[in-house]
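What's in coords16.cif: mmCIF, C-alpha atoms
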```cif
data_target
#
loop_
_atom_site.label_atom_id
_atom_site.label_comp_id
_atom_site.auth_asym_id
_atom_site.auth_seq_id
_atom_site.Cartn_x
_atom_site.Cartn_y
_atom_site.Cartn_z
CA MET A 28 -0.28 -13.64 -21.66
CA LYS A 29 -3.37 -11.83 -20.45
CA VAL A 30 -4.53 -15.00 -18.70
CA PHE A 31 -1.23 -15.33 -16.83
CA GLN A 32 -1.36 -11.61 -16.00
CA ARG A 33 -4.84 -12.00 -14.48
CA ILE A 34 -3.77 -15.06 -12.50
CA PHE A 35 -0.69 -13.23 -11.20
CA ASP A 36 -2.72 -10.15 -10.25
CA PHE A 37 -5.25 -12.35 -8.45
CA TYR A 38 -2.37 -14.08 -6.65
CA LEU A 39 -1.23 -10.68 -5.35
CA ASP A 40 -4.63 -9.09 -4.77
CA ALA A 41 -5.98 -12.12 -2.90
CA SER A 42 -3.05 -11.86 -0.45
CA ILE A 43 -1.64 -15.28 -1.35
CA HIS A 44 1.83 -13.78 -1.75
CA VAL A 45 1.58 -12.14 1.67
CA ALA A 46 0.50 -15.47 3.16
CA LEU A 47 3.56 -17.15 1.65
CA GLY A 48 5.67 -14.47 3.32
CA VAL A 49 4.14 -15.27 6.71
CA PHE A 50 4.64 -18.98 6.03
CA ALA A 51 8.30 -18.31 5.18
CA LEU A 52 8.87 -16.27 8.36
CA LEU A 53 7.34 -19.08 10.40
CA HIS A 54 9.85 -21.55 8.96
CA ILE A 55 12.68 -19.08 9.46
CA THR A 56 11.84 -19.33 13.16
CA GLY A 57 12.15 -23.08 12.80
CA TYR A 58 15.69 -22.62 11.47
CA THR A 59 16.88 -19.94 13.88
CA LEU A 60 15.38 -21.33 17.08
CA ASN A 61 15.68 -25.01 16.13
CA VAL A 62 11.94 -25.58 16.42
CA THR A 63 10.01 -28.16 14.41
CA ILE A 64 7.06 -26.42 12.77
CA ASN A 65 3.71 -28.16 13.12
CA PRO A 66 2.15 -28.46 9.61
CA HIS A 67 -1.24 -27.55 11.08
CA LEU A 68 0.22 -24.32 12.48
CA GLY A 69 1.69 -23.56 9.05
CA GLY A 70 -1.66 -24.23 7.39
CA PHE A 71 -3.50 -22.18 9.98
CA LEU A 72 -1.25 -19.15 9.49
CA PHE A 73 -1.12 -19.42 5.70
CA PHE A 74 -4.87 -19.65 5.16
CA GLY A 75 -5.65 -17.37 8.11
CA THR A 76 -3.42 -14.66 6.65
CA ILE A 77 -5.32 -14.78 3.35
CA ALA A 78 -8.67 -14.39 5.09
CA CYS A 79 -7.45 -11.74 7.53
CA TYR A 80 -5.57 -9.59 5.04
CA ASN A 81 -8.43 -9.63 2.55
CA PHE A 82 -10.83 -8.59 5.27
CA VAL A 83 -8.61 -5.66 6.23
CA LYS A 84 -7.95 -4.66 2.61
CA TYR A 85 -11.42 -5.05 1.16
CA GLY A 86 -13.84 -5.19 4.05
CA VAL A 87 -12.90 -3.06 7.02
CA GLU A 88 -16.62 -2.38 7.11
CA ALA A 89 -18.39 -5.74 7.51
CA GLU A 90 -21.33 -4.70 5.32
CA LYS A 91 -18.99 -3.84 2.47
CA TYR A 92 -17.25 -7.18 2.83
CA ILE A 93 -20.47 -9.19 2.67
CA LEU A 94 -22.20 -7.16 -0.03
CA MET A 95 -19.47 -6.87 -2.65
CA VAL A 96 -20.87 -6.43 -6.15
CA ASP A 97 -17.71 -6.39 -8.26
CA ARG A 98 -17.14 -9.82 -9.83
CA TYR A 99 -13.36 -9.74 -9.37
CA HIS A 100 -13.65 -8.88 -5.68
CA LYS A 101 -16.36 -11.50 -5.24
CA ARG A 102 -13.81 -14.07 -6.40
CA ILE A 103 -11.40 -12.77 -3.79
CA GLN A 104 -14.20 -12.94 -1.24
CA PHE A 105 -14.95 -16.54 -2.20
CA ALA A 106 -11.27 -17.47 -1.92
CA SER A 107 -11.16 -15.76 1.48
CA PHE A 108 -14.06 -17.80 2.85
CA ILE A 109 -12.44 -21.02 1.63
CA ALA A 110 -9.17 -19.93 3.24
CA LEU A 111 -10.99 -19.15 6.49
CA ALA A 112 -12.56 -22.62 6.53
CA LEU A 113 -9.18 -24.26 5.93
CA ALA A 114 -7.61 -22.09 8.64
CA LEU A 115 -10.25 -23.18 11.15
CA TYR A 116 -9.76 -26.82 10.18
CA ASN A 117 -6.03 -26.57 10.86
CA GLY A 118 -6.69 -24.51 13.97
CA TYR A 119 -8.70 -27.38 15.43
CA PHE A 120 -5.44 -29.28 15.97
CA LEU A 121 -3.68 -26.48 17.83
CA ASN A 122 -3.44 -26.23 21.62
CA LEU A 123 -5.13 -23.75 23.93
CA ASP A 124 -2.00 -21.63 24.46
CA VAL A 125 -1.80 -20.96 20.74
CA TRP A 126 -5.47 -20.00 20.59
CA ILE A 127 -5.11 -17.58 23.51
CA ALA A 128 -2.18 -15.91 21.73
CA VAL A 129 -4.14 -15.85 18.47
CA LEU A 130 -7.01 -14.17 20.29
CA CYS A 131 -4.68 -11.48 21.64
CA LEU A 132 -3.16 -10.89 18.19
CA SER A 133 -6.65 -10.83 16.66
CA CYS A 134 -7.62 -8.08 19.10
CA CYS A 135 -4.68 -6.03 17.78
CA ILE A 136 -5.92 -6.59 14.24
CA GLY A 137 -9.44 -5.68 15.28
CA LEU A 138 -8.29 -2.46 16.93
CA TYR A 139 -6.30 -1.67 13.81
CA ALA A 140 -9.17 -2.28 11.40
CA LEU A 141 -12.43 -1.57 13.23
CA PRO A 142 -13.84 1.61 14.82
CA VAL A 143 -13.84 0.83 18.54
CA LEU A 144 -12.83 4.11 20.14
CA PRO A 145 -14.91 7.32 20.30
CA HIS A 146 -13.86 10.05 17.87
CA VAL A 147 -11.33 7.66 16.26
CA LYS A 148 -12.25 5.52 13.26
CA ASN A 149 -9.66 2.86 14.12
CA LEU A 150 -5.98 2.58 15.03
CA ARG A 151 -5.12 3.19 11.39
CA SER A 152 -6.24 6.75 12.08
CA TRP A 153 -3.58 7.22 14.75
CA GLY A 154 -0.68 8.83 12.96
CA GLY A 155 2.20 6.47 12.21
CA LEU A 156 0.86 3.65 14.40
CA LYS A 157 -0.19 1.38 11.55
CA ILE A 158 3.22 -0.08 10.67
CA PHE A 159 4.09 -0.74 14.31
CA VAL A 160 0.85 -2.65 14.91
CA VAL A 161 1.36 -4.75 11.78
CA ALA A 162 5.00 -5.44 12.67
CA LEU A 163 4.01 -6.46 16.20
CA VAL A 164 1.35 -8.87 14.92
CA TRP A 165 3.69 -10.43 12.36
CA ALA A 166 6.46 -10.85 14.95
CA GLY A 167 4.13 -12.41 17.49
CA THR A 168 2.54 -14.67 14.90
CA THR A 169 5.72 -16.01 13.33
CA VAL A 170 7.93 -16.27 16.43
CA ILE A 171 5.80 -16.66 19.56
CA LEU A 172 3.14 -19.01 18.16
CA PRO A 173 5.51 -21.85 17.14
CA ILE A 174 7.09 -21.69 20.60
CA LEU A 175 3.70 -21.88 22.32
CA GLU A 176 2.63 -24.70 20.01
CA LYS A 177 5.54 -26.77 21.31
CA LYS A 178 4.68 -25.73 24.87
CA TYR A 179 8.16 -24.28 25.34
CA SER A 180 8.81 -21.41 27.70
CA VAL A 181 9.53 -18.06 26.04
CA TYR A 182 13.26 -17.93 26.73
CA TRP A 183 15.81 -15.18 25.99
CA ASP A 184 16.57 -16.12 22.37
CA VAL A 185 12.86 -16.08 21.57
CA TRP A 186 12.57 -12.48 22.74
CA VAL A 187 15.62 -11.47 20.72
CA GLU A 188 14.17 -13.20 17.65
CA THR A 189 10.83 -11.45 18.20
CA VAL A 190 12.45 -8.01 18.30
CA GLN A 191 14.53 -8.83 15.23
CA ARG A 192 11.42 -10.01 13.37
CA PHE A 193 9.57 -6.85 14.43
CA LEU A 194 12.37 -4.73 12.94
CA PHE A 195 12.42 -6.77 9.73
CA VAL A 196 8.70 -6.30 9.12
CA LEU A 197 8.95 -2.62 10.01
CA ILE A 198 11.70 -2.08 7.43
CA VAL A 199 9.86 -4.06 4.75
CA MET A 200 6.70 -2.00 5.26
CA LEU A 201 8.39 1.35 4.60
CA PRO A 202 8.40 1.00 0.78
CA PHE A 203 4.62 0.44 0.98
CA GLU A 204 4.20 3.55 3.11
CA ILE A 205 6.22 5.56 0.58
CA ARG A 206 4.29 4.11 -2.36
CA ASP A 207 0.93 4.89 -0.74
CA LEU A 208 1.72 8.58 -0.31
CA ALA A 209 -0.22 9.19 -3.52
CA TYR A 210 -3.33 7.48 -2.11
CA ASP A 211 -3.30 7.91 1.69
CA SER A 212 -5.49 10.56 3.23
CA PRO A 213 -3.50 13.31 5.00
CA GLU A 214 -5.49 12.41 8.13
CA LEU A 215 -3.63 9.10 8.39
CA LYS A 216 -0.38 10.92 9.22
CA THR A 217 1.81 8.05 8.04
CA LEU A 218 5.55 8.19 8.66
CA PRO A 219 6.42 9.52 5.16
CA GLN A 220 3.67 12.13 5.48
CA GLN A 221 5.09 13.37 8.77
CA VAL A 222 8.84 13.25 8.14
CA GLY A 223 9.14 12.96 4.35
CA VAL A 224 10.41 10.24 2.04
CA LYS A 225 14.12 10.90 2.58
CA ARG A 226 13.95 10.72 6.37
CA THR A 227 11.73 7.63 6.19
CA LYS A 228 14.40 5.89 4.10
CA VAL A 229 17.12 7.00 6.54
CA PHE A 230 15.00 5.64 9.40
CA GLY A 231 14.67 2.31 7.59
CA ALA A 232 18.40 2.17 6.86
CA PHE A 233 19.15 2.84 10.54
CA LEU A 234 16.85 -0.02 11.61
CA THR A 235 18.90 -2.50 9.57
CA LEU A 236 21.74 -2.11 12.08
CA PRO A 237 19.92 -3.48 15.15
CA PHE A 238 18.20 -6.02 12.87
CA PHE A 239 21.60 -7.56 12.10
CA PHE A 240 23.52 -7.04 15.32
CA LEU A 241 20.75 -8.46 17.51
CA ILE A 242 21.82 -11.97 16.51
CA PHE A 243 24.97 -11.48 18.61
CA PHE A 244 22.80 -11.02 21.71
CA LYS A 245 21.49 -14.56 21.38
CA ASP A 246 22.78 -17.32 23.60
CA VAL A 247 22.92 -19.64 20.60
CA VAL A 248 23.59 -18.44 17.05
CA SER A 249 24.74 -20.60 14.16
CA GLN A 250 27.12 -19.67 11.38
CA VAL A 251 24.31 -20.28 8.88
CA GLU A 252 22.06 -17.79 10.66
CA ALA A 253 24.82 -15.18 10.87
CA ILE A 254 25.59 -15.42 7.14
CA ALA A 255 21.92 -15.36 6.07
CA THR A 256 21.15 -12.42 8.37
CA GLY A 257 24.21 -10.56 7.10
CA ILE A 258 23.03 -10.99 3.50
CA MET A 259 19.54 -9.80 4.47
CA PHE A 260 21.13 -6.80 6.18
CA LEU A 261 22.74 -5.83 2.86
CA ILE A 262 19.51 -6.47 0.92
CA LEU A 263 17.41 -4.38 3.30
CA GLY A 264 19.94 -1.55 3.22
CA SER A 265 19.88 -1.62 -0.59
CA LEU A 266 16.10 -1.66 -0.49
CA MET A 267 16.04 1.63 1.39
CA PHE A 268 18.42 3.09 -1.19
CA ILE A 269 16.40 2.08 -4.28
CA THR A 270 12.90 2.73 -2.89
CA LYS A 271 11.25 5.68 -4.60
CA ARG A 272 7.98 7.51 -4.26
CA ASN A 273 6.98 6.65 -7.83
CA GLN A 274 7.42 2.89 -7.93
CA LYS A 275 6.85 0.35 -10.66
CA LYS A 276 3.65 -1.65 -10.36
CA TYR A 277 5.07 -4.78 -8.72
CA PHE A 278 8.02 -3.29 -6.84
CA ALA A 279 6.39 -3.37 -3.41
CA SER A 280 3.51 -5.80 -3.90
CA PHE A 281 5.71 -8.57 -5.31
CA TRP A 282 9.44 -7.92 -4.99
CA VAL A 283 9.47 -6.38 -1.50
CA GLU A 284 6.94 -8.90 -0.21
CA SER A 285 9.21 -11.65 -1.56
CA LEU A 286 11.95 -10.80 0.96
CA PRO A 287 10.71 -13.31 3.60
CA LEU A 288 10.92 -16.00 0.93
CA VAL A 289 14.43 -14.82 0.02
CA TRP A 290 15.48 -15.04 3.69
CA TRP A 291 14.01 -18.53 4.01
CA CYS A 292 15.75 -19.70 0.82
CA LEU A 293 19.04 -18.24 2.04
CA LEU A 294 18.82 -20.22 5.28
CA ALA A 295 17.87 -23.40 3.43
CA GLY A 296 20.55 -22.94 0.77
CA ILE A 297 23.37 -22.12 3.19
CA THR A 298 22.33 -25.03 5.42
CA TRP A 299 22.45 -27.36 2.44
CA TYR A 300 25.86 -26.02 1.42
CA TYR A 301 27.36 -26.60 4.83
#
```

Kindly transcribe the structure held in the file into structure tokens.
Amino acid sequence: MKVFQRIFDFYLDASIHVALGVFALLHITGYTLNVTINPHLGGFLFFGTIACYNFVKYGVEAEKYILMVDRYHKRIQFASFIALALALYNGYFLNLDVWIAVLCLSCCIGLYALPVLPHVKNLRSWGGLKIFVVALVWAGTTVILPILEKKYSVYWDVWVETVQRFLFVLIVMLPFEIRDLAYDSPELKTLPQQVGVKRTKVFGAFLTLPFFFLIFFKDVVSQVEAIATGIMFLILGSLMFITKRNQKKYFASFWVESLPLVWWCLLAGITWYY
């Protein structure tokens, strides 16, 4: 059992579960916007997410990332370099428009993680900005990139989907913000630090409303999408209700981060049923 526990912890700590979430959101876009997902784009985002998230989590300072001494984190570092190599391999097959968008999104990540402004360590130090930057990057990555890869124009439904995806990621991040109250420095001024846990949960519950009703602003919306989004609306609302400050070990890191996979499975299952 200890072996399985270590493997599972490594799976979470090495950001593989997060990468699966990004992969799921990418394929959700395929369902909702009727876009065929290029396998190379899927591979690029999956492996790129592992490398990127591990860099942000364990190596915001480049020296720290290169000179890790802990054996466990060295394994994560090794996995990250392999993931980066595989991401670049898949990225070779992507077009210039995708790479330009990736560069723009990478700049957002860089501003979030690295000290580039005077008197400010990074954008993480700007109170409450963190979750909005992450949500923006996830939305752009999982909605805009597959459209650019197909060389389609960014039409109305794409913008609606991008806003909806932004709201979804924002809601999903709130349990992490609440959990990290015990560890975050007061200087970070996260949303729960500024408004409290109760108001943060109310804020998240409120966001579920536009998340769901935005689908009715689309020019084309299927019955499958409406049902799956409605179920996710109920799940996200319940999530805000059950989220607590003192969470069990895997509540956020596994169960909450599984919600993109749940959404993807709902779309696939309902599609199969109909």

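Atom CA of Lys225 of chain A sits 26.6 Å away from atom CA of Val164 of chain A.
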
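Close contacts of Val251 of chain A, defined as residues with an atom at most 12 Å away when counting only C-alpha atoms, with chain neighbours fewer than 6 positions off set aside, comprise Ile55, Tyr58, Thr59, Ile242, Gly257, Ile258, Trp290, Trp291, Cys292, Leu293, Leu294, Ala295, Gly296, Ile297, Thr298, Trp299, Tyr300 and Tyr301 of chain A.
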
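Those residues returned by the PyMOL selection byres ((chain A and resi 121) around 9) for this file are Asn65, His67, Leu68, Phe71, Asn117, Gly118, Tyr119, Phe120, Asn122, Leu123, Asp124, Val125, Trp126 and Glu176 of chain A.
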
Taking C-alpha atoms for each residue, export the selection above as a PDB file, in the frame of the given file.
```
ATOM      1  CA  ASN A  65       3.710 -28.160  13.120  1.00  0.00           C
ATOM      2  CA  HIS A  67      -1.240 -27.550  11.080  1.00  0.00           C
ATOM      3  CA  LEU A  68       0.220 -24.320  12.480  1.00  0.00           C
ATOM      4  CA  PHE A  71      -3.500 -22.180   9.980  1.00  0.00           C
ATOM      5  CA  ASN A 117      -6.030 -26.570  10.860  1.00  0.00           C
ATOM      6  CA  GLY A 118      -6.690 -24.510  13.970  1.00  0.00           C
ATOM      7  CA  TYR A 119      -8.700 -27.380  15.430  1.00  0.00           C
ATOM      8  CA  PHE A 120      -5.440 -29.280  15.970  1.00  0.00           C
ATOM      9  CA  ASN A 122      -3.440 -26.230  21.620  1.00  0.00           C
ATOM     10  CA  LEU A 123      -5.130 -23.750  23.930  1.00  0.00           C
ATOM     11  CA  ASP A 124      -2.000 -21.630  24.460  1.00  0.00           C
ATOM     12  CA  VAL A 125      -1.800 -20.960  20.740  1.00  0.00           C
ATOM     13  CA  TRP A 126      -5.470 -20.000  20.590  1.00  0.00           C
ATOM     14  CA  GLU A 176       2.630 -24.700  20.010  1.00  0.00           C
TER      15      GLU A 176
END
```

Can you measure atom CA of Leu208 of chain A to atom CA of Leu156 of chain A for me? One decimal in Å is fine. 15.5 Å

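Note that the spacing between atom CA of Val49 of chain A and atom CA of Tyr210 of chain A amounts to 25.5 Å.
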
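Nearest-residue note for Lys245 of chain A: choosing from A:Leu60, A:Val229, A:Ala166, A:Val224, the minimum distance belongs to A:Leu60, counting only C-alpha atoms.
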
Care to translate the PyMOL selection byres ((chain A and resi 247) around 12) into actual residues of this file, as a VMD selection string? chain A and resid 59 to 61 182 to 185 187 to 188 241 to 246 248 to 253

C-alpha atoms of the current selection, written as a PDB file, in the frame of the given file:
```
ATOM      1  CA  THR A  59      16.880 -19.940  13.880  1.00  0.00           C
ATOM      2  CA  LEU A  60      15.380 -21.330  17.080  1.00  0.00           C
ATOM      3  CA  ASN A  61      15.680 -25.010  16.130  1.00  0.00           C
ATOM      4  CA  TYR A 182      13.260 -17.930  26.730  1.00  0.00           C
ATOM      5  CA  TRP A 183      15.810 -15.180  25.990  1.00  0.00           C
ATOM      6  CA  ASP A 184      16.570 -16.120  22.370  1.00  0.00           C
ATOM      7  CA  VAL A 185      12.860 -16.080  21.570  1.00  0.00           C
ATOM      8  CA  VAL A 187      15.620 -11.470  20.720  1.00  0.00           C
ATOM      9  CA  GLU A 188      14.170 -13.200  17.650  1.00  0.00           C
ATOM     10  CA  LEU A 241      20.750  -8.460  17.510  1.00  0.00           C
ATOM     11  CA  ILE A 242      21.820 -11.970  16.510  1.00  0.00           C
ATOM     12  CA  PHE A 243      24.970 -11.480  18.610  1.00  0.00           C
ATOM     13  CA  PHE A 244      22.800 -11.020  21.710  1.00  0.00           C
ATOM     14  CA  LYS A 245      21.490 -14.560  21.380  1.00  0.00           C
ATOM     15  CA  ASP A 246      22.780 -17.320  23.600  1.00  0.00           C
ATOM     16  CA  VAL A 248      23.590 -18.440  17.050  1.00  0.00           C
ATOM     17  CA  SER A 249      24.740 -20.600  14.160  1.00  0.00           C
ATOM     18  CA  GLN A 250      27.120 -19.670  11.380  1.00  0.00           C
ATOM     19  CA  VAL A 251      24.310 -20.280   8.880  1.00  0.00           C
ATOM     20  CA  GLU A 252      22.060 -17.790  10.660  1.00  0.00           C
ATOM     21  CA  ALA A 253      24.820 -15.180  10.870  1.00  0.00           C
TER      22      ALA A 253
END
```

Which polymer residues have any atom within 10 Å of an atom of segment 272-276 of chain A, counting all atoms listed in the file, with same-chain residues fewer than 2 positions away left out, as JSON, numbers by chain? {"A": [202, 203, 204, 205, 206, 207, 208, 209, 219, 224, 225, 269, 270, 278, 279, 280, 281]}

For those residues, write C-alpha atoms to a file as a PDB file, in the coordinates of the input.
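Output file part.pdb follows:
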```pdb
ATOM      1  CA  PRO A 202       8.400   1.000   0.780  1.00  0.00           C
ATOM      2  CA  PHE A 203       4.620   0.440   0.980  1.00  0.00           C
ATOM      3  CA  GLU A 204       4.200   3.550   3.110  1.00  0.00           C
ATOM      4  CA  ILE A 205       6.220   5.560   0.580  1.00  0.00           C
ATOM      5  CA  ARG A 206       4.290   4.110  -2.360  1.00  0.00           C
ATOM      6  CA  ASP A 207       0.930   4.890  -0.740  1.00  0.00           C
ATOM      7  CA  LEU A 208       1.720   8.580  -0.310  1.00  0.00           C
ATOM      8  CA  ALA A 209      -0.220   9.190  -3.520  1.00  0.00           C
ATOM      9  CA  PRO A 219       6.420   9.520   5.160  1.00  0.00           C
ATOM     10  CA  VAL A 224      10.410  10.240   2.040  1.00  0.00           C
ATOM     11  CA  LYS A 225      14.120  10.900   2.580  1.00  0.00           C
ATOM     12  CA  ILE A 269      16.400   2.080  -4.280  1.00  0.00           C
ATOM     13  CA  THR A 270      12.900   2.730  -2.890  1.00  0.00           C
ATOM     14  CA  PHE A 278       8.020  -3.290  -6.840  1.00  0.00           C
ATOM     15  CA  ALA A 279       6.390  -3.370  -3.410  1.00  0.00           C
ATOM     16  CA  SER A 280       3.510  -5.800  -3.900  1.00  0.00           C
ATOM     17  CA  PHE A 281       5.710  -8.570  -5.310  1.00  0.00           C
TER      18      PHE A 281
END
```

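Here the PyMOL selection byres ((chain A and resi 237) around 10) catches exactly these residues: A:Val190, A:Gln191, A:Leu194, A:Phe195, A:Phe233, A:Leu234, A:Thr235, A:Leu236, A:Phe238, A:Phe239, A:Phe240, A:Leu241, A:Ile242, A:Phe260.
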
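Of the residues listed (A:Leu263, A:Ile198, A:Ala114, A:Ile254), A:Ala114 shows the shortest atom-to-atom separation from Ala46 of chain A; distances use all atoms listed in the file.
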
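Of the listed residues A:Asp211, A:Ile171, A:Gly69, A:Lys101, the one whose atoms come nearest to Leu132 of chain A is A:Ile171, with distances taken using only C-alpha atoms.
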
Between A:Ile262, A:Ile77, A:Gly223, A:Leu201, single out the one closest to Leu47 of chain A, counting only C-alpha atoms. A:Ile77

Mind completing segment 39-56 of chain A with N, CA, C and O atoms? Output as a PDB file, in the frame of the given file, please?
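Contents of out-v5.pdb, freshly written:
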```
ATOM      1  N   LEU A  39      -1.648 -11.800  -6.206  1.00  0.00           N
ATOM      2  CA  LEU A  39      -1.230 -10.680  -5.350  1.00  0.00           C
ATOM      3  C   LEU A  39      -2.412 -10.066  -4.627  1.00  0.00           C
ATOM      4  O   LEU A  39      -2.348  -9.841  -3.409  1.00  0.00           O
ATOM      5  N   ASP A  40      -3.487  -9.790  -5.353  1.00  0.00           N
ATOM      6  CA  ASP A  40      -4.630  -9.090  -4.770  1.00  0.00           C
ATOM      7  C   ASP A  40      -5.351  -9.928  -3.726  1.00  0.00           C
ATOM      8  O   ASP A  40      -5.948  -9.376  -2.785  1.00  0.00           O
ATOM      9  N   ALA A  41      -5.312 -11.245  -3.862  1.00  0.00           N
ATOM     10  CA  ALA A  41      -5.980 -12.120  -2.900  1.00  0.00           C
ATOM     11  C   ALA A  41      -5.093 -12.440  -1.698  1.00  0.00           C
ATOM     12  O   ALA A  41      -5.431 -13.297  -0.879  1.00  0.00           O
ATOM     13  N   SER A  42      -3.957 -11.759  -1.600  1.00  0.00           N
ATOM     14  CA  SER A  42      -3.050 -11.860  -0.450  1.00  0.00           C
ATOM     15  C   SER A  42      -2.359 -13.216  -0.319  1.00  0.00           C
ATOM     16  O   SER A  42      -1.852 -13.562   0.758  1.00  0.00           O
ATOM     17  N   ILE A  43      -2.309 -13.979  -1.398  1.00  0.00           N
ATOM     18  CA  ILE A  43      -1.640 -15.280  -1.350  1.00  0.00           C
ATOM     19  C   ILE A  43      -0.129 -15.082  -1.197  1.00  0.00           C
ATOM     20  O   ILE A  43       0.534 -15.829  -0.470  1.00  0.00           O
ATOM     21  N   HIS A  44       0.391 -14.057  -1.855  1.00  0.00           N
ATOM     22  CA  HIS A  44       1.830 -13.780  -1.750  1.00  0.00           C
ATOM     23  C   HIS A  44       2.200 -13.344  -0.336  1.00  0.00           C
ATOM     24  O   HIS A  44       3.240 -13.754   0.195  1.00  0.00           O
ATOM     25  N   VAL A  45       1.354 -12.544   0.282  1.00  0.00           N
ATOM     26  CA  VAL A  45       1.580 -12.140   1.670  1.00  0.00           C
ATOM     27  C   VAL A  45       1.570 -13.365   2.584  1.00  0.00           C
ATOM     28  O   VAL A  45       2.410 -13.503   3.480  1.00  0.00           O
ATOM     29  N   ALA A  46       0.603 -14.262   2.343  1.00  0.00           N
ATOM     30  CA  ALA A  46       0.500 -15.470   3.160  1.00  0.00           C
ATOM     31  C   ALA A  46       1.740 -16.343   3.028  1.00  0.00           C
ATOM     32  O   ALA A  46       2.201 -16.932   4.010  1.00  0.00           O
ATOM     33  N   LEU A  47       2.313 -16.413   1.833  1.00  0.00           N
ATOM     34  CA  LEU A  47       3.560 -17.150   1.650  1.00  0.00           C
ATOM     35  C   LEU A  47       4.695 -16.508   2.442  1.00  0.00           C
ATOM     36  O   LEU A  47       5.570 -17.206   2.968  1.00  0.00           O
ATOM     37  N   GLY A  48       4.673 -15.177   2.524  1.00  0.00           N
ATOM     38  CA  GLY A  48       5.670 -14.470   3.320  1.00  0.00           C
ATOM     39  C   GLY A  48       5.572 -14.834   4.787  1.00  0.00           C
ATOM     40  O   GLY A  48       6.596 -15.067   5.458  1.00  0.00           O
ATOM     41  N   VAL A  49       4.346 -14.876   5.316  1.00  0.00           N
ATOM     42  CA  VAL A  49       4.140 -15.270   6.710  1.00  0.00           C
ATOM     43  C   VAL A  49       4.589 -16.720   6.924  1.00  0.00           C
ATOM     44  O   VAL A  49       5.250 -17.051   7.919  1.00  0.00           O
ATOM     45  N   PHE A  50       4.246 -17.576   5.971  1.00  0.00           N
ATOM     46  CA  PHE A  50       4.640 -18.980   6.030  1.00  0.00           C
ATOM     47  C   PHE A  50       6.163 -19.105   6.053  1.00  0.00           C
ATOM     48  O   PHE A  50       6.727 -19.907   6.805  1.00  0.00           O
ATOM     49  N   ALA A  51       6.842 -18.293   5.228  1.00  0.00           N
ATOM     50  CA  ALA A  51       8.300 -18.310   5.180  1.00  0.00           C
ATOM     51  C   ALA A  51       8.896 -17.852   6.515  1.00  0.00           C
ATOM     52  O   ALA A  51       9.846 -18.466   7.030  1.00  0.00           O
ATOM     53  N   LEU A  52       8.361 -16.772   7.086  1.00  0.00           N
ATOM     54  CA  LEU A  52       8.870 -16.270   8.360  1.00  0.00           C
ATOM     55  C   LEU A  52       8.673 -17.296   9.474  1.00  0.00           C
ATOM     56  O   LEU A  52       9.506 -17.415  10.387  1.00  0.00           O
ATOM     57  N   LEU A  53       7.579 -18.029   9.416  1.00  0.00           N
ATOM     58  CA  LEU A  53       7.340 -19.080  10.400  1.00  0.00           C
ATOM     59  C   LEU A  53       8.440 -20.133  10.328  1.00  0.00           C
ATOM     60  O   LEU A  53       8.986 -20.562  11.358  1.00  0.00           O
ATOM     61  N   HIS A  54       8.808 -20.530   9.114  1.00  0.00           N
ATOM     62  CA  HIS A  54       9.850 -21.550   8.960  1.00  0.00           C
ATOM     63  C   HIS A  54      11.243 -20.997   9.213  1.00  0.00           C
ATOM     64  O   HIS A  54      12.147 -21.766   9.566  1.00  0.00           O
ATOM     65  N   ILE A  55      11.413 -19.698   9.048  1.00  0.00           N
ATOM     66  CA  ILE A  55      12.680 -19.080   9.460  1.00  0.00           C
ATOM     67  C   ILE A  55      12.869 -19.249  10.957  1.00  0.00           C
ATOM     68  O   ILE A  55      13.974 -19.530  11.433  1.00  0.00           O
ATOM     69  N   THR A  56      11.786 -19.093  11.712  1.00  0.00           N
ATOM     70  CA  THR A  56      11.840 -19.330  13.160  1.00  0.00           C
ATOM     71  C   THR A  56      12.255 -20.765  13.450  1.00  0.00           C
ATOM     72  O   THR A  56      13.022 -21.028  14.392  1.00  0.00           O
TER      73      THR A  56
END
```
